[in-house]
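A.B. asks: The structure is given below, and queries will be raised subsequently.
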Amino acid sequence: RIRGRKFPALISCMVVDEFMPWPRDALDGVARRFLIDLQNSGNLPDETTLAAVAANMAEVHLSIDSANKQFLAEERRYNYTTPKSFLELISFYSKMLKEKQSTVSANCERLERGLGIMEQVQEKVSGLKEDLKIMMIQVEEKKAATGVLIEEVSKASAVANEEKEKASVTAAETQVVAQAAKELKDQADGER
(Lines give C-alpha, C1' and ligand atoms only; values in the text may rest on other atoms or scores of the structure.)
Protein backbone atom coordinates (compact mmCIF):
# COMPACT_ATOMS: atom_id res chain seq x y z
CA ARG A 1 0.00 0.00 0.00
CA ILE A 2 2.74 2.43 0.92
CA ARG A 3 4.64 1.51 -2.21
CA GLY A 4 1.50 2.06 -4.30
CA ARG A 5 1.14 5.54 -2.86
CA LYS A 6 4.80 6.34 -3.54
CA PHE A 7 4.75 4.94 -7.09
CA PRO A 8 1.22 5.24 -8.55
CA ALA A 9 2.50 4.30 -11.99
CA LEU A 10 2.98 0.74 -10.79
CA ILE A 11 -0.73 0.38 -10.28
CA SER A 12 -1.94 2.31 -13.31
CA CYS A 13 0.87 1.01 -15.58
CA MET A 14 1.57 4.50 -16.79
CA VAL A 15 4.77 6.51 -16.65
CA VAL A 16 5.07 10.15 -17.58
CA ASP A 17 8.42 10.92 -19.13
CA GLU A 18 9.28 14.52 -18.55
CA PHE A 19 12.42 15.66 -20.37
CA MET A 20 13.52 19.15 -19.56
CA PRO A 21 15.93 20.78 -21.97
CA TRP A 22 19.50 21.19 -20.80
CA PRO A 23 21.00 24.64 -20.78
CA ARG A 24 23.72 25.34 -23.36
CA ASP A 25 26.52 25.79 -20.80
CA ALA A 26 25.66 22.43 -19.18
CA LEU A 27 25.85 20.69 -22.55
CA ASP A 28 29.11 22.49 -23.28
CA GLY A 29 30.56 21.42 -19.90
CA VAL A 30 29.57 17.77 -20.36
CA ALA A 31 31.00 17.74 -23.88
CA ARG A 32 34.29 19.25 -22.65
CA ARG A 33 34.51 16.69 -19.86
CA PHE A 34 34.16 13.75 -22.26
CA LEU A 35 36.23 15.28 -25.05
CA ILE A 36 39.20 16.18 -22.81
CA ASP A 37 40.35 12.57 -23.21
CA LEU A 38 40.66 13.17 -26.96
CA GLN A 39 42.80 16.24 -26.30
CA ASN A 40 45.01 14.35 -23.85
CA SER A 41 45.55 11.54 -26.35
CA GLY A 42 46.51 14.04 -29.05
CA ASN A 43 43.43 13.67 -31.27
CA LEU A 44 42.39 17.29 -30.66
CA PRO A 45 45.33 19.67 -30.99
CA ASP A 46 44.52 22.46 -28.53
CA GLU A 47 42.00 24.05 -26.18
CA THR A 48 40.40 26.24 -28.84
CA THR A 49 39.59 23.21 -30.99
CA LEU A 50 38.16 21.45 -27.95
CA ALA A 51 35.99 24.48 -27.14
CA ALA A 52 34.78 24.74 -30.76
CA VAL A 53 33.87 21.03 -30.93
CA ALA A 54 32.08 21.16 -27.56
CA ALA A 55 30.12 24.28 -28.58
CA ASN A 56 29.16 22.65 -31.87
CA MET A 57 27.90 19.52 -30.09
CA ALA A 58 25.79 21.66 -27.73
CA GLU A 59 24.38 23.58 -30.71
CA VAL A 60 23.56 20.37 -32.57
CA HIS A 61 21.80 18.91 -29.55
CA LEU A 62 19.76 22.07 -28.96
CA SER A 63 18.87 22.43 -32.64
CA ILE A 64 17.23 19.01 -32.60
CA ASP A 65 14.39 20.42 -30.47
CA SER A 66 13.14 22.58 -33.35
CA ALA A 67 13.41 19.58 -35.69
CA ASN A 68 11.41 17.49 -33.18
CA LYS A 69 8.64 20.15 -33.14
CA GLN A 70 8.55 20.15 -36.93
CA PHE A 71 8.44 16.32 -36.93
CA LEU A 72 5.52 16.41 -34.48
CA ALA A 73 3.65 18.92 -36.66
CA GLU A 74 4.18 17.00 -39.89
CA GLU A 75 4.07 13.36 -38.77
CA ARG A 76 2.12 13.66 -35.49
CA ARG A 77 4.72 11.54 -33.76
CA TYR A 78 6.88 12.41 -30.80
CA ASN A 79 10.63 12.22 -30.82
CA TYR A 80 12.64 13.01 -27.71
CA THR A 81 16.21 14.05 -27.24
CA THR A 82 17.51 12.78 -23.94
CA PRO A 83 20.78 13.21 -22.09
CA LYS A 84 21.64 9.69 -23.23
CA SER A 85 21.33 10.76 -26.88
CA PHE A 86 23.76 13.62 -26.18
CA LEU A 87 26.23 11.20 -24.60
CA GLU A 88 25.81 8.89 -27.60
CA LEU A 89 26.59 11.85 -29.89
CA ILE A 90 29.81 12.48 -27.97
CA SER A 91 30.86 8.81 -28.02
CA PHE A 92 29.99 8.54 -31.73
CA TYR A 93 32.09 11.62 -32.48
CA SER A 94 35.02 10.26 -30.48
CA LYS A 95 34.83 6.87 -32.20
CA MET A 96 34.46 8.38 -35.67
CA LEU A 97 37.34 10.83 -35.07
CA LYS A 98 39.67 8.03 -33.99
CA GLU A 99 38.67 5.86 -36.99
CA LYS A 100 39.12 8.67 -39.50
CA GLN A 101 42.46 9.71 -37.99
CA SER A 102 43.71 6.13 -38.09
CA THR A 103 42.55 5.86 -41.71
CA VAL A 104 44.31 9.11 -42.60
CA SER A 105 47.52 8.04 -40.83
CA ALA A 106 47.40 4.66 -42.62
CA ASN A 107 46.91 6.44 -45.95
CA CYS A 108 49.83 8.78 -45.14
CA GLU A 109 52.07 5.80 -44.35
CA ARG A 110 50.96 4.13 -47.57
CA LEU A 111 51.68 7.29 -49.52
CA GLU A 112 55.13 7.61 -47.93
CA ARG A 113 55.92 3.99 -48.79
CA GLY A 114 54.73 4.59 -52.33
CA LEU A 115 56.87 7.71 -52.65
CA GLY A 116 59.87 5.76 -51.33
CA ILE A 117 59.30 3.08 -53.94
CA MET A 118 58.92 5.76 -56.63
CA GLU A 119 62.26 7.29 -55.59
CA GLN A 120 63.95 3.88 -55.74
CA VAL A 121 62.46 3.24 -59.17
CA GLN A 122 63.60 6.68 -60.32
CA GLU A 123 67.16 5.92 -59.15
CA LYS A 124 67.10 2.56 -60.95
CA VAL A 125 65.75 4.18 -64.12
CA SER A 126 68.50 6.82 -64.06
CA GLY A 127 71.07 4.03 -63.61
CA LEU A 128 69.56 2.15 -66.53
CA LYS A 129 69.66 5.33 -68.64
CA GLU A 130 73.39 5.66 -67.94
CA ASP A 131 73.91 1.99 -68.85
CA LEU A 132 71.87 2.53 -72.00
CA LYS A 133 74.03 5.51 -73.02
CA ILE A 134 77.17 3.40 -72.59
CA MET A 135 75.62 0.54 -74.53
CA MET A 136 74.53 2.90 -77.32
CA ILE A 137 78.13 4.13 -77.63
CA GLN A 138 79.32 0.51 -77.84
CA VAL A 139 76.62 -0.27 -80.40
CA GLU A 140 77.71 2.70 -82.53
CA GLU A 141 81.34 1.50 -82.35
CA LYS A 142 80.33 -2.03 -83.35
CA LYS A 143 78.11 -0.61 -86.07
CA ALA A 144 81.05 1.36 -87.48
CA ALA A 145 83.29 -1.73 -87.27
CA THR A 146 80.59 -3.78 -89.00
CA GLY A 147 80.33 -1.13 -91.74
CA VAL A 148 84.10 -1.33 -92.32
CA LEU A 149 83.92 -5.14 -92.33
CA ILE A 150 81.04 -5.08 -94.83
CA GLU A 151 83.03 -2.72 -97.05
CA GLU A 152 86.08 -5.02 -96.88
CA VAL A 153 83.93 -8.07 -97.62
CA SER A 154 82.29 -6.32 -100.56
CA LYS A 155 85.74 -5.35 -101.94
CA ALA A 156 86.97 -8.90 -101.43
CA SER A 157 83.86 -10.30 -103.09
CA ALA A 158 84.37 -7.90 -106.03
CA VAL A 159 87.99 -9.11 -106.32
CA ALA A 160 86.77 -12.71 -106.05
CA ASN A 161 84.20 -12.07 -108.81
CA GLU A 162 86.93 -10.64 -111.04
CA GLU A 163 89.13 -13.65 -110.28
CA LYS A 164 86.18 -15.92 -111.01
CA GLU A 165 85.59 -14.21 -114.35
CA LYS A 166 89.28 -14.50 -115.18
CA ALA A 167 89.19 -18.12 -114.10
CA SER A 168 86.14 -18.79 -116.26
CA VAL A 169 87.83 -17.07 -119.23
CA THR A 170 90.97 -19.11 -118.58
CA ALA A 171 88.85 -22.24 -118.20
CA ALA A 172 87.17 -21.49 -121.54
CA GLU A 173 90.55 -20.98 -123.18
CA THR A 174 91.82 -24.16 -121.56
CA GLN A 175 88.73 -25.96 -122.78
CA VAL A 176 89.42 -24.76 -126.31
CA VAL A 177 93.06 -25.84 -126.06
CA ALA A 178 92.03 -29.20 -124.57
CA GLN A 179 89.53 -29.69 -127.36
CA ALA A 180 92.21 -28.89 -129.95
CA ALA A 181 94.62 -31.27 -128.20
CA LYS A 182 92.01 -34.00 -128.21
CA GLU A 183 91.40 -33.52 -131.90
CA LEU A 184 95.13 -33.70 -132.54
CA LYS A 185 95.37 -36.81 -130.43
CA ASP A 186 92.41 -38.36 -132.21
CA GLN A 187 93.98 -37.51 -135.53
CA ALA A 188 97.28 -38.91 -134.43
CA ASP A 189 95.60 -42.07 -133.17
CA GLY A 190 93.70 -42.35 -136.43
CA GLU A 191 96.95 -42.28 -138.42
CA ARG A 192 98.47 -45.12 -136.68
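The way I read the labels, and the way they are meant: chains A, B, ... in the order of the C-alpha coordinates, residue 1 as the first residue of every chain, and ligand 1 as the first ligand shown, with later ones counted on from there.
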Got a sec: who's within 12 Å of A:Lys84, counting only C-alpha atoms, leaving out chain neighbours fewer than 5 positions off, as a PDB file with N, CA and C atoms, in the first residue's frame?
C.D. replies:
```pdb
ATOM      1  N   PHE A  19      11.047  15.323 -20.014  1.00  0.00           N
ATOM      2  CA  PHE A  19      12.420  15.661 -20.373  1.00  0.00           C
ATOM      3  C   PHE A  19      12.544  17.169 -20.457  1.00  0.00           C
ATOM      4  N   TRP A  22      18.290  20.792 -21.511  1.00  0.00           N
ATOM      5  CA  TRP A  22      19.504  21.187 -20.795  1.00  0.00           C
ATOM      6  C   TRP A  22      19.898  22.591 -21.240  1.00  0.00           C
ATOM      7  N   LEU A  27      25.466  21.566 -21.431  1.00  0.00           N
ATOM      8  CA  LEU A  27      25.846  20.694 -22.549  1.00  0.00           C
ATOM      9  C   LEU A  27      27.313  20.906 -22.926  1.00  0.00           C
ATOM     10  N   VAL A  30      29.545  19.237 -20.239  1.00  0.00           N
ATOM     11  CA  VAL A  30      29.565  17.774 -20.358  1.00  0.00           C
ATOM     12  C   VAL A  30      30.404  17.363 -21.572  1.00  0.00           C
ATOM     13  N   HIS A  61      22.783  19.523 -30.439  1.00  0.00           N
ATOM     14  CA  HIS A  61      21.798  18.906 -29.549  1.00  0.00           C
ATOM     15  C   HIS A  61      20.605  19.836 -29.316  1.00  0.00           C
ATOM     16  N   LEU A  89      25.993  10.964 -28.886  1.00  0.00           N
ATOM     17  CA  LEU A  89      26.586  11.848 -29.885  1.00  0.00           C
ATOM     18  C   LEU A  89      28.074  12.049 -29.606  1.00  0.00           C
ATOM     19  N   ILE A  90      28.409  12.270 -28.343  1.00  0.00           N
ATOM     20  CA  ILE A  90      29.811  12.478 -27.966  1.00  0.00           C
ATOM     21  C   ILE A  90      30.627  11.214 -28.227  1.00  0.00           C
ATOM     22  N   SER A  91      30.103  10.055 -27.821  1.00  0.00           N
ATOM     23  CA  SER A  91      30.859   8.809 -28.018  1.00  0.00           C
ATOM     24  C   SER A  91      30.985   8.488 -29.512  1.00  0.00           C
ATOM     25  N   PHE A  92      29.925   8.764 -30.286  1.00  0.00           N
ATOM     26  CA  PHE A  92      29.988   8.536 -31.732  1.00  0.00           C
ATOM     27  C   PHE A  92      31.037   9.438 -32.375  1.00  0.00           C
TER      28      PHE A  92
END
```
A.B. asks: Env of A:Ala31: 8 Å cut, atoms = only C-alpha atoms, seq-sep filter 5 positions within chain, self excluded. Answer as a PyMOL selection string.
C.D. replies: chain A and resi 54+57-58+90
A.B. asks: Using only C-alpha atoms, determine which residues lie at most 10 Å from stretch 36-42 of chain A, disregarding the query and same-chain residues fewer than 3 positions distant; provide the list as a CSV table (one decimal) with N, CA, C and O atoms, in the first residue's frame.
C.D. replies:
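out-v5.csv, written as the output of this step:
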```csv
chain,number,residue,atom,x,y,z
A,31,ALA,N,30.2,18.1,-22.7
A,31,ALA,CA,31.0,17.7,-23.9
A,31,ALA,C,32.5,17.9,-23.6
A,31,ALA,O,33.3,17.1,-24.0
A,32,ARG,N,32.9,19.0,-23.0
A,32,ARG,CA,34.3,19.2,-22.6
A,32,ARG,C,34.8,18.1,-21.8
A,32,ARG,O,36.0,17.7,-22.0
A,33,ARG,N,34.0,17.7,-20.8
A,33,ARG,CA,34.5,16.7,-19.9
A,33,ARG,C,34.8,15.4,-20.6
A,33,ARG,O,35.8,14.7,-20.3
A,45,PRO,N,44.0,19.0,-31.2
A,45,PRO,CA,45.3,19.7,-31.0
A,45,PRO,C,45.4,20.6,-29.8
A,45,PRO,O,46.4,20.7,-29.1
A,46,ASP,N,44.4,21.5,-29.6
A,46,ASP,CA,44.5,22.5,-28.5
A,46,ASP,C,43.2,22.8,-27.9
A,46,ASP,O,42.2,22.2,-28.2
A,47,GLU,N,43.2,23.7,-27.0
A,47,GLU,CA,42.0,24.1,-26.2
A,47,GLU,C,41.0,24.7,-27.0
A,47,GLU,O,39.8,24.5,-26.8
A,49,THR,N,40.3,24.2,-30.2
A,49,THR,CA,39.6,23.2,-31.0
A,49,THR,C,38.6,22.5,-30.1
A,49,THR,O,37.5,22.2,-30.5
A,50,LEU,N,39.0,22.1,-28.9
A,50,LEU,CA,38.2,21.5,-27.9
A,50,LEU,C,36.9,22.3,-27.7
A,50,LEU,O,35.8,21.8,-27.7
A,51,ALA,N,37.1,23.6,-27.4
A,51,ALA,CA,36.0,24.5,-27.1
A,51,ALA,C,35.1,24.6,-28.3
A,51,ALA,O,33.8,24.6,-28.2
A,54,ALA,N,33.1,21.3,-28.6
A,54,ALA,CA,32.1,21.2,-27.6
A,54,ALA,C,30.9,22.1,-27.8
A,54,ALA,O,29.7,21.7,-27.7
A,94,SER,N,33.7,10.7,-30.9
A,94,SER,CA,35.0,10.3,-30.5
A,94,SER,C,35.4,9.0,-31.3
A,94,SER,O,36.6,9.0,-31.8
A,97,LEU,N,36.1,10.1,-34.9
A,97,LEU,CA,37.3,10.8,-35.1
A,97,LEU,C,38.6,9.9,-35.0
A,97,LEU,O,39.5,10.0,-35.8
A,98,LYS,N,38.5,9.0,-34.1
A,98,LYS,CA,39.7,8.0,-34.0
A,98,LYS,C,39.8,7.2,-35.3
A,98,LYS,O,40.9,6.9,-35.8
```
A.B. asks: I'd like the interatomic distance between atom CA of A:Arg24 and atom CA of A:Leu62, to a tenth of an Å.
C.D. replies: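 Atom CA of A:Leu62 lies at a distance of 7.6 Å from atom CA of A:Arg24.
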A.B. asks: Can you tell me, as JSON, numbers by chain, what residues are no more than 12 Å from A:Thr81 when counting only C-alpha atoms, ignoring any on the same chain fewer than 5 positions away?
C.D. replies: {"A": [17, 18, 19, 20, 21, 22, 60, 61, 62, 63, 64, 65, 66, 67, 68, 69, 86, 87, 88, 89]}
A.B. asks: How many Å separate atom CA of A:Phe34 from atom CA of A:Val53?
C.D. replies: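 If I compute the distance from atom CA of A:Phe34 to atom CA of A:Val53, I get 11.3 Å.
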A.B. asks: Could you tell me how far atom CA of A:Glu141 lies from atom CA of A:Lys124, in Å and to one decimal?
C.D. replies: 25.7 Å
